[in-house]
Structure formats: C-alpha cells, structure tokens
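Here is the file structure-v1.txt (compact mmCIF, C-alpha atoms).
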# COMPACT_ATOMS: atom_id res chain seq x y z
CA MET A 1 -2.63 3.20 -10.94
CA GLY A 2 -5.99 2.15 -9.58
CA THR A 3 -5.14 3.49 -6.18
CA LEU A 4 -5.47 6.53 -3.95
CA VAL A 5 -2.43 8.82 -3.94
CA THR A 6 -1.90 11.34 -1.16
CA ILE A 7 0.81 13.99 -1.00
CA SER A 8 1.51 16.07 2.11
CA VAL A 9 4.25 18.69 2.29
CA VAL A 10 5.70 20.93 4.97
CA SER A 11 5.89 24.57 3.85
CA ASP A 12 5.14 28.04 5.17
CA ARG A 13 3.97 29.23 1.74
CA GLU A 14 0.60 27.63 1.03
CA THR A 15 0.14 28.88 -2.55
CA SER A 16 3.49 27.66 -3.86
CA ALA A 17 3.17 24.38 -1.89
CA THR A 18 -0.25 23.71 -3.44
CA ALA A 19 1.15 24.45 -6.91
CA ALA A 20 4.07 22.07 -6.26
CA MET A 21 1.68 19.29 -5.17
CA ASP A 22 -0.48 19.89 -8.27
CA ARG A 23 2.61 19.46 -10.46
CA ALA A 24 3.60 16.28 -8.57
CA PHE A 25 0.10 14.85 -9.14
CA GLN A 26 0.47 15.75 -12.83
CA VAL A 27 3.75 13.82 -12.94
CA LEU A 28 1.96 10.77 -11.47
CA GLN A 29 -0.91 11.17 -13.93
CA ASN A 30 1.54 11.29 -16.86
CA ILE A 31 3.14 8.04 -15.73
CA GLU A 32 -0.32 6.46 -15.31
CA ASN A 33 -1.26 7.57 -18.84
CA GLN A 34 1.86 5.89 -20.25
CA ALA A 35 2.02 2.76 -18.09
CA SER A 36 -1.57 1.67 -17.41
CA ARG A 37 -2.93 -1.40 -19.16
CA ARG A 38 -6.44 -0.05 -18.60
CA ILE A 39 -5.80 2.93 -20.89
CA PRO A 40 -5.93 1.80 -24.55
CA THR A 41 -3.71 4.69 -25.71
CA SER A 42 -0.95 4.00 -23.13
CA LEU A 43 2.49 2.91 -24.28
CA THR A 44 2.01 -0.38 -22.40
CA SER A 45 -1.20 -1.10 -24.37
CA LYS A 46 0.49 -0.22 -27.66
CA ILE A 47 3.47 -2.51 -26.92
CA ASN A 48 1.14 -5.37 -25.95
CA ARG A 49 -0.90 -4.97 -29.13
CA ALA A 50 2.30 -4.94 -31.22
CA ALA A 51 3.77 -8.03 -29.49
CA GLY A 52 5.63 -10.21 -32.00
CA LEU A 53 5.21 -7.57 -34.71
CA SER A 54 7.15 -4.36 -34.07
CA ASP A 55 8.77 -2.07 -31.51
CA VAL A 56 6.93 1.00 -30.22
CA PRO A 57 8.63 4.40 -29.75
CA VAL A 58 8.54 5.36 -26.06
CA SER A 59 9.28 8.34 -23.80
CA PRO A 60 12.52 8.59 -21.79
CA ASP A 61 10.50 7.98 -18.55
CA PHE A 62 8.90 4.86 -19.95
CA LEU A 63 12.22 3.51 -21.19
CA GLU A 64 13.63 4.06 -17.70
CA ILE A 65 10.78 2.01 -16.15
CA ILE A 66 11.42 -0.86 -18.58
CA LYS A 67 15.17 -0.79 -17.94
CA LYS A 68 14.62 -0.79 -14.18
CA ALA A 69 12.15 -3.68 -14.52
CA ILE A 70 14.76 -5.74 -16.37
CA GLU A 71 17.40 -4.75 -13.79
CA TYR A 72 15.17 -6.09 -10.97
CA SER A 73 14.40 -9.22 -12.98
CA LYS A 74 18.12 -9.95 -13.22
CA LEU A 75 18.73 -9.04 -9.57
CA THR A 76 15.98 -11.41 -8.39
CA GLN A 77 16.91 -14.14 -10.91
CA GLY A 78 13.57 -13.78 -12.66
CA ALA A 79 11.42 -13.74 -9.50
CA PHE A 80 10.18 -10.29 -10.51
CA ASP A 81 9.06 -10.18 -14.13
CA ILE A 82 6.76 -7.67 -15.84
CA THR A 83 5.85 -10.26 -18.50
CA ILE A 84 3.97 -12.38 -15.91
CA GLY A 85 0.82 -10.47 -16.96
CA ALA A 86 0.10 -13.11 -19.63
CA VAL A 87 -0.61 -15.59 -16.80
CA THR A 88 -2.01 -13.12 -14.24
CA ASP A 89 -4.86 -12.32 -16.64
CA LEU A 90 -6.09 -15.92 -16.34
CA TYR A 91 -6.93 -15.35 -12.66
CA HIS A 92 -9.16 -12.30 -13.31
CA PHE A 93 -8.12 -10.59 -10.05
CA GLU A 94 -9.23 -7.24 -11.45
CA ASP A 95 -12.84 -8.37 -11.72
CA GLY A 96 -13.10 -8.58 -7.94
CA GLU A 97 -14.17 -12.26 -7.92
CA GLY A 98 -11.23 -14.20 -9.31
CA ILE A 99 -11.14 -17.46 -11.24
CA LEU A 100 -8.93 -20.47 -10.59
CA PRO A 101 -7.45 -21.12 -14.05
CA ASP A 102 -7.18 -24.49 -15.70
CA PRO A 103 -3.61 -25.86 -15.19
CA GLN A 104 -3.42 -26.53 -18.91
CA ALA A 105 -4.12 -22.85 -19.65
CA ILE A 106 -1.31 -21.82 -17.27
CA ARG A 107 1.11 -24.25 -18.97
CA GLN A 108 0.20 -22.81 -22.38
CA ARG A 109 0.85 -19.21 -21.29
CA LEU A 110 4.08 -19.82 -19.33
CA PRO A 111 6.36 -19.78 -22.45
CA LEU A 112 5.20 -16.18 -22.99
CA VAL A 113 6.63 -15.22 -19.59
CA GLY A 114 10.26 -14.11 -19.49
CA TYR A 115 11.92 -10.69 -19.39
CA GLN A 116 14.23 -12.00 -22.15
CA ASN A 117 11.22 -11.49 -24.48
CA ILE A 118 11.47 -7.71 -24.03
CA HIS A 119 13.40 -5.97 -26.78
CA ILE A 120 14.92 -2.51 -26.29
CA ASP A 121 16.09 -0.42 -29.23
CA GLU A 122 18.24 2.27 -27.62
CA VAL A 123 18.96 4.05 -30.93
CA HIS A 124 15.31 4.66 -31.79
CA ARG A 125 14.19 4.71 -28.10
CA ALA A 126 11.68 1.94 -28.72
CA VAL A 127 10.43 -1.11 -26.82
CA GLY A 128 8.85 -4.28 -28.12
CA LEU A 129 7.97 -7.89 -27.29
CA THR A 130 9.56 -10.59 -29.38
CA ARG A 131 6.74 -13.15 -28.96
CA SER A 132 3.21 -12.80 -30.18
CA GLY A 133 0.78 -13.07 -27.26
CA ALA A 134 3.35 -11.89 -24.69
CA LEU A 135 2.48 -8.82 -22.68
CA ILE A 136 3.93 -6.48 -20.10
CA ASP A 137 2.16 -5.33 -16.94
CA LEU A 138 3.89 -2.52 -15.09
CA GLY A 139 1.61 -2.77 -12.03
CA GLY A 140 4.51 -4.03 -9.92
CA ILE A 141 6.90 -1.19 -10.70
CA ALA A 142 5.12 1.91 -12.06
CA LYS A 143 3.71 2.95 -8.66
CA GLY A 144 7.14 3.08 -7.04
CA PHE A 145 8.59 4.84 -10.09
CA GLY A 146 5.73 7.37 -9.91
CA VAL A 147 6.36 8.01 -6.20
CA ASN A 148 10.05 8.66 -6.91
CA GLN A 149 9.26 11.01 -9.79
CA ALA A 150 6.68 12.88 -7.66
CA VAL A 151 9.28 13.42 -4.91
CA LYS A 152 11.79 14.60 -7.52
CA SER A 153 9.22 17.11 -8.81
CA LEU A 154 8.43 18.38 -5.27
CA LYS A 155 12.13 18.85 -4.50
CA ALA A 156 12.68 20.67 -7.81
CA ASP A 157 9.89 23.04 -6.76
CA GLY A 158 11.77 23.89 -3.58
CA ILE A 159 9.78 21.69 -1.17
CA SER A 160 12.10 20.54 1.61
CA ALA A 161 9.88 18.03 3.43
CA GLY A 162 6.92 15.84 2.59
CA ILE A 163 5.37 12.41 2.17
CA VAL A 164 4.05 10.79 -1.00
CA ASN A 165 1.83 7.76 -0.46
CA ALA A 166 0.55 5.83 -3.50
CA GLY A 167 -1.71 3.17 -2.05
CA GLY A 168 0.84 2.17 0.59
CA ASP A 169 4.02 2.74 -1.47
CA ILE A 170 5.49 5.52 0.65
CA ARG A 171 8.46 7.86 0.35
CA VAL A 172 9.30 10.57 2.87
CA PHE A 173 11.86 13.37 2.78
CA GLY A 174 12.89 16.10 5.20
CA TYR A 175 11.32 16.47 8.63
CA LYS A 176 7.85 17.15 9.99
CA PRO A 177 7.31 20.43 11.86
CA GLY A 178 9.36 20.41 15.07
CA HIS A 179 12.16 18.47 13.32
CA LYS A 180 10.28 15.20 13.86
CA LEU A 181 10.76 12.02 11.85
CA TRP A 182 7.92 10.42 9.87
CA ASN A 183 6.22 7.56 11.70
CA ILE A 184 5.29 4.79 9.26
CA GLY A 185 3.38 1.62 10.11
CA ILE A 186 3.61 -1.76 8.39
CA GLN A 187 0.31 -3.46 7.61
CA HIS A 188 -0.50 -6.65 9.52
CA PRO A 189 -0.98 -9.23 6.76
CA ARG A 190 -3.89 -11.01 8.43
CA GLN A 191 -5.66 -8.27 10.46
CA SER A 192 -6.67 -5.37 8.25
CA ASP A 193 -7.15 -2.94 11.14
CA LYS A 194 -3.70 -3.53 12.65
CA VAL A 195 -0.08 -2.74 11.97
CA ILE A 196 2.61 -5.23 12.97
CA ALA A 197 5.29 -2.63 13.60
CA SER A 198 6.23 0.96 12.93
CA LEU A 199 9.44 2.86 12.37
CA GLU A 200 10.52 6.47 12.30
CA ILE A 201 12.36 7.50 9.16
CA THR A 202 13.34 10.34 6.87
CA ASP A 203 14.71 10.42 3.31
CA LYS A 204 13.62 6.83 2.84
CA SER A 205 11.02 4.82 1.05
CA ILE A 206 8.97 1.97 2.47
CA VAL A 207 6.91 -0.37 0.30
CA THR A 208 5.12 -3.62 1.03
CA SER A 209 3.92 -6.48 -1.16
CA GLY A 210 1.37 -8.73 0.50
CA ASP A 211 -0.84 -11.69 -0.32
CA TYR A 212 -3.79 -9.74 1.16
CA GLU A 213 -3.86 -7.00 -1.51
CA ARG A 214 -5.66 -8.81 -4.31
CA PHE A 215 -6.79 -12.35 -3.71
CA PHE A 216 -9.69 -14.76 -3.66
CA MET A 217 -10.35 -17.83 -1.53
CA LYS A 218 -11.26 -21.23 -2.97
CA ASP A 219 -11.55 -24.39 -0.85
CA ASN A 220 -9.88 -22.52 2.03
CA ILE A 221 -6.82 -21.75 -0.13
CA ARG A 222 -5.76 -18.16 -0.74
CA TYR A 223 -5.04 -17.35 -4.39
CA HIS A 224 -3.26 -14.00 -4.53
CA HIS A 225 -1.85 -11.82 -7.30
CA ILE A 226 1.90 -12.23 -6.66
CA LEU A 227 2.61 -15.07 -9.05
CA ASP A 228 5.84 -17.03 -9.38
CA PRO A 229 6.93 -16.49 -13.01
CA LYS A 230 8.40 -20.03 -13.07
CA THR A 231 5.13 -21.81 -12.14
CA GLY A 232 2.42 -19.27 -12.93
CA ARG A 233 0.94 -19.92 -9.48
CA PRO A 234 0.78 -17.71 -6.36
CA ALA A 235 4.13 -17.65 -4.51
CA ARG A 236 3.67 -19.50 -1.20
CA GLY A 237 6.66 -18.62 1.01
CA CYS A 238 5.51 -15.29 2.47
CA GLN A 239 2.51 -13.35 3.72
CA SER A 240 4.17 -9.98 3.17
CA VAL A 241 7.50 -8.37 2.33
CA THR A 242 8.41 -4.80 3.27
CA ILE A 243 11.45 -3.07 1.78
CA VAL A 244 13.02 0.04 3.27
CA SER A 245 15.43 1.84 0.94
CA GLN A 246 16.45 5.24 -0.42
CA THR A 247 13.96 5.16 -3.31
CA ALA A 248 10.64 3.34 -3.73
CA THR A 249 11.27 -0.20 -5.00
CA ASP A 250 7.99 -2.09 -5.24
CA ALA A 251 9.68 -4.40 -7.77
CA MET A 252 12.11 -5.46 -5.04
CA SER A 253 9.38 -6.29 -2.51
CA ALA A 254 7.48 -8.33 -5.11
CA GLY A 255 10.67 -10.13 -6.20
CA VAL A 256 11.69 -10.99 -2.63
CA PHE A 257 8.12 -12.21 -1.99
CA VAL A 258 8.46 -14.72 -4.83
CA LEU A 259 11.99 -15.76 -3.78
CA GLY A 260 10.67 -16.70 -0.33
CA PRO A 261 12.03 -16.02 3.19
CA GLU A 262 15.50 -17.62 2.97
CA LYS A 263 16.61 -16.58 -0.52
CA GLY A 264 14.77 -13.27 -0.17
CA MET A 265 16.47 -12.28 3.09
CA ALA A 266 19.85 -13.38 1.71
CA LEU A 267 19.31 -11.03 -1.26
CA ILE A 268 18.27 -8.13 1.02
CA GLU A 269 21.34 -8.61 3.22
CA SER A 270 23.62 -8.71 0.16
CA LEU A 271 22.49 -5.30 -1.14
CA PRO A 272 23.80 -2.10 0.42
CA GLY A 273 21.13 0.44 1.39
CA ILE A 274 18.32 -2.13 1.25
CA GLU A 275 16.61 -3.37 4.42
CA GLY A 276 13.54 -5.52 4.80
CA ILE A 277 10.98 -7.33 6.90
CA ILE A 278 9.62 -10.64 5.69
CA ILE A 279 6.52 -12.19 7.28
CA ASP A 280 6.72 -15.84 6.31
CA ARG A 281 3.80 -18.18 5.57
CA GLU A 282 3.50 -19.09 9.27
CA GLY A 283 3.35 -15.41 10.30
CA ARG A 284 6.92 -15.28 11.67
CA ALA A 285 8.85 -12.06 11.15
CA LEU A 286 12.38 -12.02 9.70
CA VAL A 287 14.10 -8.65 9.98
CA SER A 288 17.28 -7.61 8.17
CA SER A 289 20.25 -6.68 10.32
CA GLY A 290 20.12 -2.92 9.67
CA LEU A 291 16.48 -2.61 10.68
CA ARG A 292 16.30 -4.54 13.95
CA SER A 293 16.99 -1.60 16.24
CA MET A 294 14.60 0.70 14.35
CA LEU A 295 11.36 -1.25 14.63
CA VAL A 296 8.68 -0.65 17.24
CA TRP A 297 6.55 -3.80 17.41
CA ARG A 298 2.80 -3.26 17.90
CA MET B 1 7.15 14.41 71.45
CA ALA B 2 7.21 10.78 70.34
CA ILE B 3 4.73 9.64 67.70
CA LYS B 4 3.40 6.12 67.89
CA VAL B 5 3.18 4.44 64.47
CA SER B 6 0.87 1.48 64.01
CA ARG B 7 1.91 -1.07 61.33
CA ALA B 8 -1.47 -2.76 61.12
CA LEU B 9 -3.85 -1.77 58.31
CA THR B 10 -7.03 -0.18 59.54
CA TRP B 11 -10.42 -0.80 57.95
CA GLY B 12 -10.11 2.69 56.46
CA ASP B 13 -6.81 1.72 54.75
CA LYS B 14 -8.35 -1.47 53.37
CA ILE B 15 -11.35 0.37 51.96
CA LEU B 16 -9.05 2.98 50.42
CA ILE B 17 -6.86 0.30 48.76
CA PHE B 18 -9.96 -1.50 47.49
CA LEU B 19 -11.34 1.73 46.03
CA LEU B 20 -8.00 2.56 44.35
CA ILE B 21 -7.93 -0.90 42.70
CA VAL B 22 -11.53 -0.48 41.47
CA ILE B 23 -10.81 3.01 40.08
CA ASN B 24 -7.63 1.75 38.40
CA LEU B 25 -9.40 -1.16 36.71
CA ALA B 26 -12.35 1.01 35.69
CA SER B 27 -10.09 3.66 34.13
CA PHE B 28 -8.16 0.95 32.22
CA PHE B 29 -11.43 -0.44 30.85
CA PHE B 30 -12.69 3.07 30.03
CA LEU B 31 -9.51 4.11 28.22
CA THR B 32 -9.44 0.89 26.22
CA ARG B 33 -13.01 1.50 25.12
CA MET B 34 -12.17 5.12 24.26
CA GLY B 35 -9.49 3.94 21.87
CA LYS B 36 -12.18 2.08 19.94
CA SER B 37 -14.58 5.02 19.58
CA LYS B 38 -13.86 5.63 15.92
CA GLN B 39 -16.27 7.48 13.70
CA VAL B 40 -17.02 7.28 10.01
CA ILE B 41 -17.37 10.73 8.48
CA ILE B 42 -18.99 10.90 5.05
CA GLN B 43 -18.63 14.01 2.94
CA GLU B 44 -20.16 15.03 -0.36
CA ASP B 45 -18.52 17.95 -2.19
CA GLN B 46 -16.67 18.90 1.03
CA LYS B 47 -19.91 19.02 3.09
CA VAL B 48 -20.33 16.53 5.93
CA VAL B 49 -23.48 14.53 5.16
CA GLY B 50 -23.20 11.90 7.90
CA ILE B 51 -21.24 10.83 10.99
CA TYR B 52 -21.60 7.24 12.23
CA ASP B 53 -20.00 5.10 14.93
CA LEU B 54 -17.71 2.59 13.17
CA HIS B 55 -18.81 -0.11 15.61
CA SER B 56 -22.54 0.60 15.29
CA PRO B 57 -24.88 -2.10 13.91
CA ALA B 58 -24.45 -2.80 10.20
CA ARG B 59 -25.94 -0.18 7.93
CA THR B 60 -25.86 1.13 4.36
CA VAL B 61 -25.78 4.84 3.68
CA MET B 62 -26.80 6.41 0.36
CA VAL B 63 -24.92 9.57 -0.65
CA GLN B 64 -26.18 11.61 -3.56
CA GLY B 65 -23.32 12.96 -5.74
CA PRO B 66 -23.28 14.69 -9.15
CA LEU B 67 -23.20 11.32 -10.98
CA GLY B 68 -25.86 9.63 -8.84
CA ALA B 69 -26.16 7.72 -5.57
CA SER B 70 -23.06 6.18 -3.96
CA LYS B 71 -23.71 3.36 -1.49
CA VAL B 72 -21.53 3.21 1.64
CA GLU B 73 -21.57 0.10 3.85
CA ILE B 74 -20.56 0.14 7.54
CA ARG B 75 -20.25 -3.31 9.09
CA GLU B 76 -18.30 -5.01 11.90
CA GLY B 77 -15.97 -2.09 12.56
CA ARG B 78 -15.18 -1.50 8.88
CA VAL B 79 -16.50 0.71 6.10
CA ARG B 80 -16.35 0.46 2.30
CA MET B 81 -17.78 1.93 -0.86
CA LEU B 82 -20.28 -0.76 -1.77
CA PHE B 83 -21.37 0.87 -5.02
CA SER B 84 -20.43 4.00 -6.92
CA PRO B 85 -21.81 5.34 -10.21
CA CYS B 86 -18.33 6.59 -11.19
CA PRO B 87 -16.72 5.26 -14.41
CA ASN B 88 -13.70 3.28 -13.14
CA HIS B 89 -14.86 2.25 -9.59
CA THR B 90 -11.44 2.88 -8.02
CA CYS B 91 -13.24 3.77 -4.75
CA GLN B 92 -15.01 0.39 -4.72
CA LYS B 93 -11.76 -1.44 -5.42
CA ALA B 94 -10.19 0.23 -2.35
CA GLY B 95 -12.11 -2.35 -0.30
CA TRP B 96 -12.67 -2.05 3.45
CA ILE B 97 -10.99 0.51 5.70
CA SER B 98 -11.01 0.37 9.50
CA ARG B 99 -8.16 2.47 10.88
CA GLN B 100 -8.18 6.04 12.05
CA GLY B 101 -6.94 8.36 9.29
CA GLN B 102 -7.79 6.01 6.41
CA VAL B 103 -9.86 7.48 3.58
CA ILE B 104 -11.76 6.33 0.52
CA CYS B 105 -12.21 9.05 -2.04
CA CYS B 106 -14.40 9.09 -5.14
CA LEU B 107 -13.31 12.12 -7.15
CA PRO B 108 -15.88 11.77 -9.99
CA ASN B 109 -18.85 11.59 -7.61
CA LYS B 110 -17.18 13.89 -5.01
CA VAL B 111 -17.75 11.49 -2.12
CA LEU B 112 -15.20 11.14 0.69
CA ILE B 113 -15.30 8.55 3.48
CA ARG B 114 -12.84 8.94 6.34
CA ILE B 115 -12.33 7.44 9.77
CA SER B 116 -11.62 9.70 12.70
CA GLY B 117 -11.32 9.04 16.42
CA ASP B 118 -9.15 9.49 19.46
CA ASP B 119 -6.10 7.36 20.02
CA ALA B 120 -5.46 6.84 23.72
CA ASP B 121 -1.74 6.47 22.94
CA PRO B 122 -0.30 9.37 20.90
CA SER B 123 2.63 7.17 19.77
CA LEU B 124 0.11 5.20 17.71
CA HIS B 125 -0.26 8.17 15.38
CA LEU B 126 1.11 7.15 12.01
CA ASP B 127 1.92 9.35 9.01
CA GLY B 128 1.31 6.44 6.66
CA ILE B 129 0.96 2.66 6.44
CA ALA B 130 3.05 0.62 4.01
CA GLN B 131 0.67 -1.97 2.55

So that I can check it, write out the structure of this file as structure tokens.
Amino acid sequence: MGTLVTISVVSDRETSATAAMDRAFQVLQNIENQASRRIPTSLTSKINRAAGLSDVPVSPDFLEIIKKAIEYSKLTQGAFDITIGAVTDLYHFEDGEGILPDPQAIRQRLPLVGYQNIHIDEVHRAVGLTRSGALIDLGGIAKGFGVNQAVKSLKADGISAGIVNAGGDIRVFGYKPGHKLWNIGIQHPRQSDKVIASLEITDKSIVTSGDYERFFMKDNIRYHHILDPKTGRPARGCQSVTIVSQTATDAMSAGVFVLGPEKGMALIESLPGIEGIIIDREGRALVSSGLRSMLVWR
Amino acid sequence: MAIKVSRALTWGDKILIFLLIVINLASFFFLTRMGKSKQVIIQEDQKVVGIYDLHSPARTVMVQGPLGASKVEIREGRVRMLFSPCPNHTCQKAGWISRQGQVICCLPNKVLIRISGDDADPSLHLDGIAQ
C-alpha cells in the first residue's frame, strides 16, 4: 500500500496479542499482494494487462473490493472511480516529481475512464475491463478495505480493543486502558506539523483525503492526485475531506473531495451513520450536523 | 482590639505585584518553549544510534544498515529519509515528519526515525492522525 501501517491493541496477554497482530498484518499483506499495481503478479495487474481481452478469476476479497468501488462510484455519481488510473498515470505522481500532462493526452485517455467499463462475472467470480487500455487503480479503496479486514481479524482473535492506522486511514474499537476513548487528530491541510481539530471516538473509523498527500507545484498552482474523473484534472473545491463512519471508507472521502463542499456535504448529510468535515479551497471548515459537538478545535 | 487597615498600596506591594507579573510571563514563555523541545531519535536494528534536537541547524545523518547507508535529513523542524538503499523506497516516500509520535520506518534496512518530546498540554496527546 506504499504506506506505514501500525496496529496497537489492548490486552493483558502479550503472546496471544502479538500473534493476533501478526495475523492482522498478514491479512493486510494479502490484500496488498492482490490489489497493488506495483506487484506484477497482483490481480489488479492481471486485470489491467487483460483489459479489452478477457476476465480474470479473482478471490472473494478482491471481488468485494471491486463491488464496493462500484457502489461508491454510483453513490458519488461517478466522482469516485477506480478507472481514473488511466489519466492519473499521465501526472507521474509516483515518481516524486510530477509532470503536467498535455491537455490532448488527457482528452485521449478520458474515454477509458468510467466504472461502467468494469465487467463482473458473478458465476465464474471473475473481473475484467471492457476497453483495451483501461485500467483499475485500487489506491483509493484498498487501504480502507485492508483496515476493516485487519480489525475483523483482530476481533476474531479475541482482541477487544485496538487501533489500526494505515497511513492515516484509522479505525478504532473498544476502549483504551482506564475505559478511555481514542483521541484522533485531523491533519491541517496546509501546516504539516499541525492538526486542525481532534475528536474522541470508539468503534469508528476516520479517514481523510487531502490535496497535500501527493502533489507537485507548477507556476504556483498545486497539482494533486485526487482527479475529477469527468475532467481528468485535480478537483479544486476542497483542501481536505475527513469522513467519520462505522467502517473505513477512503472511497467516500475521495468521492466527496471531487464533488466539492456543497454537493459533498449534502451527500454526507443524506447518509445515515456518515459524518464529515470538509475544508474548502479557502480553508473554511464545514462540519456535518452529527459531528459539531464532538470536535475540539486546535 | 481594633486593627487599622490601610487601602493604599505600599512600595512592597508594588514590587511584589511587579515580580509576580514577571514570573508569570517568564513561565509562559518557558512552557511554550518546552512544548517545542522535540527530539529526533534514530535507531538501527533497535539500537539508538543518534538523538538530535528537531529544531537544531540543518544536518544530514548517515545510518549504516544491513543493505547500506541510509541518509536522514533534519531541517527547519522536520525530518525525512533523504535516501535509502532499500528496494521500494517506501520510507523515502513517507516525506517529512514533524510531530511528536510520528515515525518513519525502513524495514529492509532496519532504520527507524521517530520524534519524541514533552507536550506541555496532556490533552494534545493523540492516538493517531487522520491524514
């Protein structure tokens, strides 16, 4: 997942707790091995290579990720889309430098973007892409899925409290020693050493998508990795979006980011069990109704 | 016996008030500075190989791991893995860290960078940062 994952658990039996954490890390590693585009043998790589040719048999976990990705695409009216990778590649964010692509190149790749190009064969448990050249990138959803699966594994091993943090995608369950809640900060989008607010939670997940994660500057303009699937260009309405929900939903934070502050907050408010904080392009904070009394501003 | 109370401030009272104000301001300044005294702790294979003030002048630290030398850069209150001989460079891609409790870990070369320090306000302690 190209990120640091930390797992902490509360237990009075160190040996079994360590074994449970090892198994949770293994769960995350298995998802990485299936979902990563950097691993040539991953299911994602196989599907991308077979685009326009054939479906690829997949694991139940992988099929669940794809189904969830499509579900979030529909929920966000296409603002979140795992097929955006065909355009994202043009920006070379992964190389650390970044390149501003030629507008013509973006226009040529845009027809390859669209979750409608993903084909699912339920009978043979297989996934494929209907257009040659199309590709899927699960970077916006696999981390959250991994966090949820890791928590599931810890609970199955009898762990009653803990925190799983995959590069800032966080899920907590149970209580800290002394029956205390988990205190989670939200990254300030423009000052890397600050948090804008914090909140105390349990049995919740908190994930943030921000324009400060992967970006490059050109002529004083910030080009970041959260692209609008309709234009192929960085979404401009927000600096960051944080979603607080039962399970980790990085797809939701990315989708709301692309939708922008007004449509994004309307979507958050319409969904039960989903709360959020949107920092708009001017740095103003919009907070959903269920979260206002829980935030401690910093 | 009646006690006579004077309402006027004596010179002694004025000096005392002045000293209290000075002590108050000095302690505020001192505590604020204390909150910024973060340290970078660099470990190789679980052994501490260096401790540096995060706000010290810019410097680069070489750490010898099993794969070769990792290069750690401390600058302007931040620290990052500038170079690592590991295969996928995940530690380099982590970028800068600057907050207490943040870590950069290179598993292949067994190098760990973490920031420690004292928070003046215990409520600032966070179990994680959504980012």

Proximal residues of chain A relative to chain B (only C-alpha atoms; 8 Å) as a ChimeraX atom specification
/A:2-4,96,165,167-170,182-187,192-195,206-210,213,242

Atom CA of Glu73 of chain B to atom CA of Asp211 of chain A, distance in Å rounded to a single decimal
24.2 Å

Between B:Leu82, B:Met62, B:Val48, B:Ala69, which has the minimum distance to Asn109 of chain B (counting all atoms listed in the file)?
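Looking at the shortest contact to Asn109 of chain B, the residue is B:Ala69.
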
Quick one: pull the distance between atom CA of Ile41 of chain B and atom CA of Leu107 of chain B, Å, one decimal.
16.2 Å

Could you tell me, as an mmCIF file with C-alpha atoms, in the frame of the given file, which residues have any atom at most 10 Å from (18.2, -10.8, 3.6), counting only C-alpha atoms?
data_model
loop_
_atom_site.group_PDB
_atom_site.id
_atom_site.type_symbol
_atom_site.label_atom_id
_atom_site.label_comp_id
_atom_site.auth_asym_id
_atom_site.auth_seq_id
_atom_site.Cartn_x
_atom_site.Cartn_y
_atom_site.Cartn_z
ATOM 1 C CA VAL A 256 11.690 -10.990 -2.630
ATOM 2 C CA PRO A 261 12.030 -16.020 3.190
ATOM 3 C CA GLU A 262 15.500 -17.620 2.970
ATOM 4 C CA LYS A 263 16.610 -16.580 -0.520
ATOM 5 C CA GLY A 264 14.770 -13.270 -0.170
ATOM 6 C CA MET A 265 16.470 -12.280 3.090
ATOM 7 C CA ALA A 266 19.850 -13.380 1.710
ATOM 8 C CA LEU A 267 19.310 -11.030 -1.260
ATOM 9 C CA ILE A 268 18.270 -8.130 1.020
ATOM 10 C CA GLU A 269 21.340 -8.610 3.220
ATOM 11 C CA SER A 270 23.620 -8.710 0.160
ATOM 12 C CA LEU A 271 22.490 -5.300 -1.140
ATOM 13 C CA ILE A 274 18.320 -2.130 1.250
ATOM 14 C CA GLU A 275 16.610 -3.370 4.420
ATOM 15 C CA GLY A 276 13.540 -5.520 4.800
ATOM 16 C CA ILE A 277 10.980 -7.330 6.900
ATOM 17 C CA ILE A 278 9.620 -10.640 5.690
ATOM 18 C CA LEU A 286 12.380 -12.020 9.700
ATOM 19 C CA VAL A 287 14.100 -8.650 9.980
ATOM 20 C CA SER A 288 17.280 -7.610 8.170
ATOM 21 C CA SER A 289 20.250 -6.680 10.320
#

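The two atoms in question, atom CA of Cys86 of chain B and atom CA of Gln34 of chain A, are spaced 22.1 Å apart.
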
Distance query Ala126 of chain A at most 9 Å, all atoms listed in the file, self and fewer than 4 positions along chain excluded, as a PDB file with C-alpha atoms, in the frame of the given file:
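Writing the result to around-v9.pdb gives the following:
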ATOM      1  CA  ASP A  55       8.770  -2.070 -31.510  1.00  0.00           C
ATOM      2  CA  VAL A  56       6.930   1.000 -30.220  1.00  0.00           C
ATOM      3  CA  PRO A  57       8.630   4.400 -29.750  1.00  0.00           C
ATOM      4  CA  VAL A  58       8.540   5.360 -26.060  1.00  0.00           C
ATOM      5  CA  SER A  59       9.280   8.340 -23.800  1.00  0.00           C
ATOM      6  CA  LEU A  63      12.220   3.510 -21.190  1.00  0.00           C
ATOM      7  CA  HIS A 119      13.400  -5.970 -26.780  1.00  0.00           C
ATOM      8  CA  ILE A 120      14.920  -2.510 -26.290  1.00  0.00           C
ATOM      9  CA  ASP A 121      16.090  -0.420 -29.230  1.00  0.00           C
ATOM     10  CA  GLU A 122      18.240   2.270 -27.620  1.00  0.00           C
TER      11      GLU A 122
END

May I have the protein, DNA and RNA residues with any atom at most 9 Å from the point (5.8, -13.5, -28.6), counting only C-alpha atoms, written as a list in words?
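The distance filter leaves exactly Ala51, Gly52, Leu53, Pro111, Leu112, Asn117, Leu129, Thr130, Arg131, Ser132, Gly133, Ala134 and Leu135 of chain A.
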
Given 8 Å on each side, where is the centre and what are the edge lengths in Å to one decimal of the axis-aligned box enclosing the listed atoms of segment 163-180 of chain A, as JSON?
{"center_x": 5.6, "center_y": 11.3, "center_z": 5.8, "size_x": 30.6, "size_y": 34.3, "size_z": 34.6}
